[in-house]
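K.L.:
Below is the file coords14.txt, with compact mmCIF, C-alpha atoms and all ligand atoms.
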# COMPACT_ATOMS: atom_id res chain seq x y z
CA MET A 1 0.00 0.00 0.00
CA GLU A 2 1.14 3.54 -0.71
CA ASN A 3 2.78 5.61 2.00
CA LEU A 4 0.27 7.50 4.16
CA LYS A 5 0.72 11.22 3.48
CA ILE A 6 0.73 13.01 6.83
CA GLY A 7 0.22 16.73 7.42
CA VAL A 8 1.53 18.07 10.73
CA VAL A 9 0.12 21.23 12.29
CA GLY A 10 2.58 22.45 14.91
CA THR A 11 6.35 22.15 14.59
CA GLY A 12 7.34 22.95 18.17
CA ALA A 13 9.20 20.45 20.37
CA ILE A 14 6.66 17.60 20.38
CA GLY A 15 5.78 18.23 16.71
CA ARG A 16 9.40 17.89 15.63
CA GLU A 17 9.79 14.74 17.75
CA HIS A 18 6.74 13.16 16.09
CA ILE A 19 7.95 14.20 12.64
CA ARG A 20 11.34 12.62 13.33
CA ARG A 21 9.73 9.41 14.57
CA LEU A 22 7.26 9.20 11.69
CA SER A 23 10.12 9.77 9.22
CA GLU A 24 12.81 7.58 10.77
CA LYS A 25 11.13 4.93 12.92
CA VAL A 26 7.66 4.34 11.53
CA SER A 27 7.21 2.69 8.17
CA GLY A 28 4.35 3.15 5.70
CA CYS A 29 4.10 6.93 5.93
CA ARG A 30 5.79 10.16 5.00
CA ILE A 31 5.54 13.77 6.14
CA ALA A 32 3.82 15.48 3.22
CA ALA A 33 3.03 18.89 4.72
CA VAL A 34 3.70 21.07 7.75
CA SER A 35 2.47 24.36 9.14
CA ASP A 36 2.98 26.43 12.29
CA ILE A 37 2.33 29.96 13.48
CA ASN A 38 6.11 30.19 13.66
CA GLU A 39 6.57 30.15 9.88
CA THR A 40 10.38 30.14 10.02
CA ALA A 41 10.43 27.00 12.19
CA ALA A 42 7.87 25.26 9.98
CA GLY A 43 9.77 26.27 6.82
CA GLU A 44 12.97 24.74 8.20
CA VAL A 45 11.20 21.49 9.07
CA ALA A 46 9.56 21.39 5.63
CA GLU A 47 12.92 21.74 3.96
CA LYS A 48 14.58 19.11 6.16
CA TYR A 49 11.92 16.47 5.45
CA GLY A 50 11.02 17.42 1.87
CA ALA A 51 7.50 18.38 2.94
CA GLU A 52 5.22 21.14 1.63
CA PHE A 53 5.01 24.24 3.84
CA TYR A 54 1.52 25.69 4.35
CA LYS A 55 1.02 29.19 5.73
CA ASP A 56 -2.60 28.38 6.48
CA SER A 57 -3.16 25.26 8.60
CA ASN A 58 -6.77 24.95 7.38
CA GLU A 59 -5.51 24.76 3.82
CA LEU A 60 -3.13 21.99 4.88
CA ILE A 61 -6.00 20.13 6.53
CA ARG A 62 -8.15 20.34 3.38
CA SER A 63 -5.32 19.58 0.94
CA LYS A 64 -5.84 16.56 -1.32
CA ASP A 65 -2.12 15.84 -0.86
CA VAL A 66 -2.69 15.10 2.83
CA ASP A 67 -4.35 11.82 3.92
CA ALA A 68 -4.17 12.23 7.70
CA ILE A 69 -3.44 15.02 10.18
CA VAL A 70 -1.20 15.18 13.23
CA ILE A 71 -2.04 18.08 15.56
CA THR A 72 0.86 19.20 17.73
CA ALA A 73 0.02 22.90 17.90
CA GLY A 74 -0.41 24.69 21.26
CA ASP A 75 -3.16 23.25 23.48
CA PRO A 76 -5.66 26.14 22.93
CA ALA A 77 -5.56 25.54 19.14
CA HIS A 78 -6.42 21.82 19.34
CA ALA A 79 -10.22 22.10 19.30
CA SER A 80 -10.62 24.21 16.15
CA LEU A 81 -8.02 22.15 14.28
CA CYS A 82 -9.73 18.89 15.26
CA ILE A 83 -13.07 20.23 14.06
CA ALA A 84 -11.52 21.36 10.75
CA GLY A 85 -10.02 17.86 10.36
CA LEU A 86 -13.38 16.21 11.05
CA HIS A 87 -15.10 18.51 8.54
CA ALA A 88 -12.50 17.44 5.97
CA GLY A 89 -13.33 13.81 6.82
CA LYS A 90 -9.70 12.97 7.62
CA PHE A 91 -8.09 10.78 10.26
CA ILE A 92 -6.61 12.93 13.02
CA PHE A 93 -4.01 12.28 15.68
CA CYS A 94 -4.29 15.09 18.25
CA GLU A 95 -1.72 15.45 21.02
CA LYS A 96 -3.12 15.62 24.54
CA PRO A 97 -5.12 17.42 25.80
CA LEU A 98 -7.90 17.02 23.22
CA ALA A 99 -8.97 20.57 24.08
CA THR A 100 -8.58 22.96 26.98
CA GLU A 101 -12.29 23.46 27.72
CA VAL A 102 -15.10 20.95 28.32
CA PRO A 103 -17.59 22.54 25.81
CA GLU A 104 -14.91 22.26 23.10
CA CYS A 105 -14.59 18.52 23.79
CA GLU A 106 -18.38 18.19 23.63
CA LYS A 107 -18.40 19.90 20.25
CA ILE A 108 -15.63 17.61 18.91
CA VAL A 109 -17.50 14.51 20.07
CA GLN A 110 -20.69 15.81 18.39
CA GLU A 111 -18.88 16.54 15.13
CA GLU A 112 -17.23 13.12 15.09
CA GLN A 113 -20.58 11.42 15.55
CA LYS A 114 -21.84 13.24 12.44
CA CYS A 115 -18.95 11.60 10.53
CA GLY A 116 -20.46 8.21 11.43
CA LYS A 117 -17.10 6.64 12.31
CA ARG A 118 -14.14 7.23 14.59
CA LEU A 119 -11.60 9.49 12.91
CA LEU A 120 -9.84 10.96 15.91
CA GLN A 121 -7.19 9.59 18.26
CA VAL A 122 -5.78 11.47 21.27
CA GLY A 123 -2.06 11.25 22.09
CA PHE A 124 -2.30 9.54 25.48
CA MET A 125 0.93 7.66 24.76
CA ARG A 126 1.22 6.05 28.18
CA ARG A 127 -1.36 3.48 27.08
CA TYR A 128 1.42 2.07 24.84
CA ASP A 129 4.15 2.03 27.50
CA PRO A 130 5.11 -1.64 28.09
CA GLY A 131 5.05 -1.15 31.90
CA TYR A 132 1.48 0.16 32.01
CA VAL A 133 0.40 -2.46 29.44
CA GLU A 134 1.70 -5.24 31.72
CA MET A 135 0.01 -3.68 34.76
CA LYS A 136 -3.30 -3.64 32.90
CA ARG A 137 -2.84 -7.28 31.90
CA LEU A 138 -2.24 -8.26 35.54
CA ILE A 139 -5.26 -6.31 36.78
CA ARG A 140 -7.43 -7.89 34.08
CA ASN A 141 -6.35 -11.46 34.78
CA GLY A 142 -7.09 -11.04 38.49
CA SER A 143 -3.46 -11.42 39.71
CA ILE A 144 -3.90 -8.77 42.42
CA GLY A 145 -7.60 -9.34 43.00
CA THR A 146 -9.93 -6.37 43.05
CA PRO A 147 -8.00 -3.07 42.95
CA LEU A 148 -8.58 -0.94 46.06
CA MET A 149 -6.18 1.99 45.80
CA VAL A 150 -3.63 3.60 43.49
CA HIS A 151 -0.67 5.68 44.68
CA ALA A 152 1.13 7.57 41.95
CA CYS A 153 3.45 10.45 41.32
CA HIS A 154 4.31 12.59 38.31
CA ARG A 155 7.42 14.68 38.86
CA ASN A 156 8.95 17.01 36.30
CA MET A 157 12.48 18.26 36.87
CA THR A 158 11.64 21.92 36.24
CA HIS A 159 8.87 23.63 34.36
CA ALA A 160 8.47 25.91 31.36
CA PRO A 161 7.73 29.59 32.18
CA SER A 162 4.17 29.07 30.87
CA MET A 163 3.38 26.41 33.53
CA ASN A 164 0.99 27.36 36.34
CA SER A 165 -1.18 25.72 39.03
CA ASP A 166 -4.05 25.10 36.61
CA LEU A 167 -1.90 23.69 33.80
CA SER A 168 -0.19 21.42 36.28
CA ILE A 169 -3.53 19.56 36.35
CA ARG A 170 -4.79 20.19 32.80
CA ASN A 171 -1.50 19.59 30.98
CA SER A 172 0.59 17.29 33.24
CA GLY A 173 -2.06 15.69 35.47
CA ILE A 174 -4.25 14.82 32.49
CA HIS A 175 -1.93 11.89 31.66
CA GLU A 176 -2.61 10.44 35.12
CA ILE A 177 -6.35 11.01 34.80
CA ASP A 178 -6.41 9.10 31.54
CA ILE A 179 -4.07 6.26 32.48
CA MET A 180 -5.87 5.45 35.76
CA ARG A 181 -9.25 5.35 33.99
CA TRP A 182 -7.71 3.07 31.34
CA LEU A 183 -5.97 0.80 33.87
CA LEU A 184 -9.01 0.40 36.10
CA GLU A 185 -11.53 0.45 33.24
CA GLU A 186 -13.83 2.67 35.28
CA ASP A 187 -15.16 6.20 35.19
CA TYR A 188 -14.66 8.66 38.03
CA ASP A 189 -17.16 9.58 40.70
CA SER A 190 -15.52 12.47 42.53
CA CYS A 191 -12.27 14.31 43.13
CA ASP A 192 -10.40 16.94 45.07
CA VAL A 193 -6.95 18.50 45.30
CA ILE A 194 -4.69 18.75 48.35
CA ILE A 195 -2.10 21.50 48.52
CA PRO A 196 1.07 20.52 50.42
CA LYS A 197 3.80 22.89 51.56
CA HIS A 198 5.01 25.17 48.75
CA ASN A 199 8.24 24.28 46.97
CA SER A 200 10.34 27.45 47.10
CA HIS A 201 11.76 26.66 43.64
CA ALA A 202 8.31 27.16 42.10
CA ASP A 203 6.94 30.59 41.22
CA PRO A 204 5.46 32.16 44.37
CA ASP A 205 1.95 32.21 42.92
CA MET A 206 2.10 28.62 41.64
CA GLN A 207 0.83 25.76 43.76
CA ASP A 208 3.55 23.18 43.47
CA PRO A 209 3.41 20.34 44.37
CA GLN A 210 -0.28 19.35 44.33
CA ILE A 211 -1.97 16.07 45.18
CA MET A 212 -4.90 15.10 42.94
CA ARG A 213 -7.33 12.66 44.48
CA LEU A 214 -9.81 10.77 42.33
CA ARG A 215 -12.41 8.23 43.40
CA THR A 216 -13.79 5.80 40.82
CA LYS A 217 -17.45 4.77 40.59
CA SER A 218 -16.72 1.48 42.41
CA GLY A 219 -14.75 3.27 45.16
CA VAL A 220 -11.07 2.86 44.17
CA GLU A 221 -9.16 5.77 45.76
CA ILE A 222 -6.36 7.27 43.67
CA ASP A 223 -3.79 9.78 44.90
CA VAL A 224 -1.33 11.36 42.49
CA GLU A 225 1.41 13.79 43.44
CA ILE A 226 1.99 16.27 40.61
CA ALA A 227 5.24 18.19 40.95
CA GLN A 228 6.89 20.56 38.51
CA ASN A 229 10.14 21.07 40.43
CA SER A 230 11.52 17.73 41.58
CA GLY A 231 15.03 19.10 41.20
CA TYR A 232 16.42 15.63 40.38
CA GLY A 233 14.78 14.37 37.19
CA TYR A 234 11.58 13.14 35.56
CA ASP A 235 9.96 10.51 37.71
CA ILE A 236 6.72 8.63 37.07
CA GLN A 237 5.57 6.13 39.69
CA CYS A 238 2.38 4.11 39.96
CA GLU A 239 1.38 1.40 42.41
CA VAL A 240 -1.95 -0.39 42.27
CA VAL A 241 -2.94 -2.08 45.52
CA GLY A 242 -5.41 -4.92 45.22
CA GLU A 243 -7.09 -7.37 47.62
CA LEU A 244 -4.47 -10.06 46.86
CA GLY A 245 -1.33 -8.17 45.96
CA THR A 246 0.24 -5.02 44.63
CA ILE A 247 1.90 -4.07 41.33
CA LYS A 248 4.30 -1.23 40.55
CA LEU A 249 5.15 0.49 37.29
CA PRO A 250 8.77 -0.25 36.27
CA ASP A 251 11.07 2.40 34.79
CA PRO A 252 12.43 1.46 31.37
CA ALA A 253 15.47 -0.81 31.86
CA LYS A 254 18.51 1.08 33.06
CA VAL A 255 21.86 -0.36 34.07
CA ASP A 256 22.33 -0.63 37.82
CA LYS A 257 25.84 0.72 38.54
CA LYS A 258 28.31 0.19 41.38
CA ILE A 259 31.23 2.51 40.79
CA LYS A 260 33.79 3.99 43.19
CA GLY A 261 31.86 2.89 46.24
CA VAL A 262 28.53 4.23 44.98
CA HIS A 263 25.55 2.08 43.95
CA PHE A 264 23.23 3.97 41.57
CA VAL A 265 20.79 3.95 38.65
CA ASP A 266 20.35 7.05 36.45
CA VAL A 267 17.04 8.93 36.65
CA ASN A 268 15.33 9.90 33.36
CA PRO A 269 15.90 13.58 32.65
CA ASP A 270 12.63 14.24 30.82
CA TRP A 271 9.43 12.82 29.39
CA GLU A 272 10.77 12.41 25.86
CA SER A 273 13.36 9.91 27.06
CA ARG A 274 11.05 8.18 29.58
CA PHE A 275 8.29 7.55 27.06
CA SER A 276 10.19 7.33 23.76
CA GLU A 277 9.25 3.67 23.27
CA ALA A 278 5.60 4.39 24.02
CA TYR A 279 5.52 7.26 21.48
CA GLU A 280 7.03 5.02 18.83
CA ILE A 281 4.58 2.16 19.39
CA GLU A 282 1.68 4.62 19.51
CA LEU A 283 2.50 6.30 16.19
CA ALA A 284 3.36 3.05 14.37
CA LYS A 285 0.05 1.54 15.41
CA TRP A 286 -1.85 4.68 14.46
CA VAL A 287 -0.35 4.71 10.95
CA ASP A 288 -1.16 1.00 10.46
CA GLU A 289 -4.71 1.46 11.68
CA VAL A 290 -5.40 4.57 9.61
CA LYS A 291 -4.34 2.58 6.55
CA THR A 292 -6.90 -0.09 7.36
CA GLY A 293 -9.56 2.60 7.96
CA LYS A 294 -10.25 1.76 11.65
CA VAL A 295 -8.56 3.43 14.61
CA THR A 296 -8.73 1.88 18.10
CA GLY A 297 -6.47 4.15 20.21
CA PRO A 298 -7.61 6.70 22.83
CA SER A 299 -10.78 8.26 21.44
CA ALA A 300 -12.28 11.74 21.42
CA TRP A 301 -14.57 10.45 24.19
CA ASP A 302 -11.50 9.52 26.28
CA GLY A 303 -10.10 13.00 25.63
CA TYR A 304 -13.41 14.50 26.73
CA MET A 305 -13.57 12.37 29.90
CA ALA A 306 -10.01 13.39 30.84
CA CYS A 307 -10.78 17.08 30.23
CA LEU A 308 -13.96 16.82 32.32
CA ALA A 309 -12.07 15.32 35.28
CA ALA A 310 -9.23 17.86 34.90
CA ASP A 311 -11.76 20.69 34.84
CA THR A 312 -13.51 19.39 37.97
CA LEU A 313 -10.16 18.97 39.76
CA SER A 314 -9.15 22.51 38.80
CA ARG A 315 -12.37 23.91 40.26
CA SER A 316 -11.86 21.86 43.39
CA ARG A 317 -8.30 23.21 43.70
CA VAL A 318 -9.70 26.75 43.71
CA ASP A 319 -12.48 26.33 46.31
CA GLY A 320 -11.06 23.35 48.26
CA GLU A 321 -14.29 21.33 48.00
CA ARG A 322 -14.58 17.69 47.00
CA LYS A 323 -16.64 17.57 43.80
CA LYS A 324 -18.73 15.04 41.88
CA ILE A 325 -17.67 14.37 38.31
CA ILE A 326 -20.87 14.25 36.31
CA ILE A 327 -20.48 11.86 33.37
CA PRO A 328 -22.93 12.11 30.46
CA GLU A 329 -24.21 9.03 28.65
CA LYS A 330 -21.66 7.53 26.28
CA PRO A 331 -22.73 7.74 22.61
CA ALA A 332 -22.89 4.47 20.62
CA LEU A 333 -19.89 5.47 18.49
CA TYR A 334 -17.60 5.07 21.51
CA ILE A 335 -18.94 1.80 22.94
C1 LIG B 1 4.04 17.63 29.04
O1 LIG B 1 3.22 18.44 28.27
C2 LIG B 1 3.76 16.20 28.74
O2 LIG B 1 2.86 15.86 28.04
C3 LIG B 1 4.55 15.25 29.52
O3 LIG B 1 4.27 13.92 29.16
C4 LIG B 1 4.24 15.48 30.97
O4 LIG B 1 4.91 14.56 31.78
C5 LIG B 1 4.58 16.89 31.37
O5 LIG B 1 4.28 17.07 32.72
C6 LIG B 1 3.76 17.84 30.52
O6 LIG B 1 4.05 19.17 30.87
Will you turn the file into C-alpha cells for me?
Ligand code: ISE

P.N.:
Amino acid sequence: MENLKIGVVGTGAIGREHIRRLSEKVSGCRIAAVSDINETAAGEVAEKYGAEFYKDSNELIRSKDVDAIVITAGDPAHASLCIAGLHAGKFIFCEKPLATEVPECEKIVQEEQKCGKRLLQVGFMRRYDPGYVEMKRLIRNGSIGTPLMVHACHRNMTHAPSMNSDLSIRNSGIHEIDIMRWLLEEDYDSCDVIIPKHNSHADPDMQDPQIMRLRTKSGVEIDVEIAQNSGYGYDIQCEVVGELGTIKLPDPAKVDKKIKGVHFVDVNPDWESRFSEAYEIELAKWVDEVKTGKVTGPSAWDGYMACLAADTLSRSRVDGERKKIIIPEKPALYI
C-alpha cells in the first residue's frame, strides 16, 4: 500500500519529535506537509523532510495531498483544528489534551458522531508504555484481586515559564487522569486537590506540588502527586494495591551501577526519554490502523472524559471542595 501522506500542524518540540519518529522509525508513511504559526520554524522542518510548507493550517487540513493530520500545535488551538479535520473527513491524531475546555470537547464529540465513524485519536501515549500495558494485563487477569487503591506520582524536573497551578492539572495531570481510567476500566465519581507545603523553587503564585485525588465509581481511591520542580529528574511512579497483591510500574530498563563505592541507577531527565518507546509504538500503530480505515487508540470520548475530570479537579483546587464528576451518557460510536 502507498505511504500514508501526513500533514503536521505544529512544529514545536513535540511536533518535531513526532515528525522525526514518523520519518525515521515508523514505516508506511511520510511527512507530506507542515504548518505552524512560527513560519520560520515550519519552513525549516519542511525543507529538512522534503514536505510542503503551508502558511494556512486549514488549507493543509483540506489539501488533497494530505491523507491524515497530526495536531501538535499549542493546546488552545487543538479544538478548532480537530473540528476542521473532522469537517475534511480525515483521520486525526491530536496530542493531549484534546482541548482545553469541556464545551470544546463536547463539540468535537458531536462533530465526530456526524462523521459516522471514529476518525480521531488522542495522544495519550502512556497506554502504549510496556510497563502500564503489563500492569493492565495483571489487573485484568485477576493477579492482584480487586483493585482498592492507586498511589502515583508525576514529577517534572523543572517547568516551562508558561506552567501554572491550573496547567499542572490540565497539561501534566491529564496523563494520570487518563491512564488510571484506562488501567481500572472505570469512570470517576468524585475528586479533590490537596495542597502541600510550597516548593520554594516554584513561582510564588504557583501551587507546586499538588496532590490530585480521584475516586472511581466502584470506590477505588487514587492519589497522584503532581510536581513541577523535583530538582532531580523526571519521575513517574504508579502502584496499584489490590485485595491479593500489589503491582508497581517499572522504569524502562537502566543499568544498575556500582562505581567507586557508589551504587546507583540514572534517573530519566525528561518525558521524551522516559516515554520514547511508548511514542514510537503509539505512532506506528496509528499509521497501520489509519491505513486499514479503523482506529482503536484513545478516542475523542476519552479525551473528553479526561478534560472533564481535569476541569472538575481545577475547580476543586480553587475552592477546596470535593466535587462530583458528572459523566454524560456515552454515545454508541464510543462503545
Ligand atoms: C508535558 O506536556 C507532557 O505531556 C509530559 O508527558 C508530561 O509529563 C509533562 O508534565 C507535561 O508538561

K.L.:
Show which residues sit within 10 Å of Asp203 of chain A, as a ChimeraX atom specification. Count all atoms listed in the file, and ignore same-chain residues fewer than 2 positions away.

P.N.:
/A:159,161,163-165,198-201,205-208

K.L.:
With all atoms listed in the file counted, collect every polymer residue having an atom within 6 Å of ligand LIG 1 (chain B); state the result as a list in words.

P.N.:
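The residues within 6 Å of ligand LIG 1 (chain B), counting all atoms listed in the file, are Asn156, Asn171, Ser172 and Trp271 of chain A.
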
K.L.:
Between A:Ile19, A:Cys191, A:Leu4, A:Leu119, which residue has the minimum interatomic distance to Arg322 of chain A, considering all atoms listed in the file?

P.N.:
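Once distances to Arg322 of chain A are computed over all atoms listed in the file, the minimum belongs to A:Cys191.
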
K.L.:
Ranking A:Ile174, A:Ala32, A:Ala284, A:Ala46 by minimum distance to Tyr128 of chain A and counting all atoms listed in the file, which one comes first?

P.N.:
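When distances to Tyr128 of chain A are compared using all atoms listed in the file, the smallest one comes from A:Ala284.
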
K.L.:
Name the residues in contact with Ser162 of chain A at a cut-off of 12 Å, using all atoms listed in the file, excluding same-chain residues fewer than 4 positions from it; report them as a count of residues only.

P.N.:
10

K.L.:
Counting only C-alpha atoms, which of A:Leu249, A:Ile177, A:Val26, A:Ala332 gets nearest to Lys96 of chain A?

P.N.:
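Smallest separation from Lys96 of chain A among the options: A:Ile177.
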
K.L.:
I'd like the neighbourhood of Ile325 of chain A as a list in words, where a residue qualifies if any of its atoms comes within 12 Å (using all atoms listed in the file), though same-chain residues fewer than 3 positions away should be ignored.

P.N.:
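Listing them by chain and then by number gives Asp187, Tyr188, Asp189, Ser190, Cys191, Asp192, Leu214, Arg215, Thr216, Lys217, Met305, Ala306, Cys307, Leu308, Ala309, Ala310, Asp311, Thr312, Leu313, Ser314, Arg315, Ser316, Arg322 and Pro328 of chain A.
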
K.L.:
Can you measure atom CA of Leu244 of chain A to atom CA of Ile139 of chain A for me? One decimal in Å is fine.

P.N.:
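So the answer is 10.8 Å.
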
K.L.:
Can you list, as a ChimeraX atom specification, every protein, DNA or RNA residue that comes within 12 Å of Glu112 of chain A when you count all atoms listed in the file, leaving out same-chain residues fewer than 4 positions away?

P.N.:
/A:82-92,105-108,116-121,299-301,331-334

K.L.:
Ranking A:Ala73, A:Leu22, A:Leu98, A:Cys153 by minimum distance to Gly123 of chain A and counting all atoms listed in the file, which one comes first?

P.N.:
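Closest residue, counting all atoms listed in the file: A:Leu98.
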
K.L.:
Neighbouring residues of Val193 of chain A were defined as those with any atom within 6 Å, considering all atoms listed in the file; residues of the same chain fewer than 6 positions away were excluded. Please report them as a list in words.

P.N.:
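In the requested format, the answer is Ile211, Met212, Arg213 and Arg317 of chain A.
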
K.L.:
Quick one: distance from atom CA of Lys285 of chain A to atom CA of Val267 of chain A in Å, one decimal?

P.N.:
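Between atom CA of Lys285 of chain A and atom CA of Val267 of chain A the gap is 28.2 Å.
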
K.L.:
What is the distance, in Å and to one decimal place, between atom CA of Asp302 of chain A and atom CA of Glu321 of chain A?

P.N.:
24.9 Å

K.L.:
Pull the neighbourhood of (4.5, 23.2, 2.2) for me: all residues within 8 Å in file coordinates, counting only C-alpha atoms, as a ChimeraX atom specification.

P.N.:
/A:32-35,43,46,51-55

K.L.:
Return the single residue from A:Gly303, A:Gly320, A:Pro97, A:Gly15 that is closest to Trp182 of chain A, with distances computed using only C-alpha atoms.

P.N.:
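Among the listed residues, the smallest separation from Trp182 of chain A belongs to A:Gly303.
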
K.L.:
At a cut-off of 9 Å around the point (5.0, 3.7, 42.1) (file coordinates), what residues fall inside when counting only C-alpha atoms? I'd like the answer as a VMD selection string.

P.N.:
chain A and resid 150 to 153 236 to 240 247 to 250

K.L.:
Just checking: using all atoms listed in the file, which residue out of A:Glu17, A:Asp129, A:Glu185, A:Glu24 ends up closest to Glu95 of chain A?

P.N.:
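The shortest atom-to-atom distance to Glu95 of chain A comes from A:Glu17.
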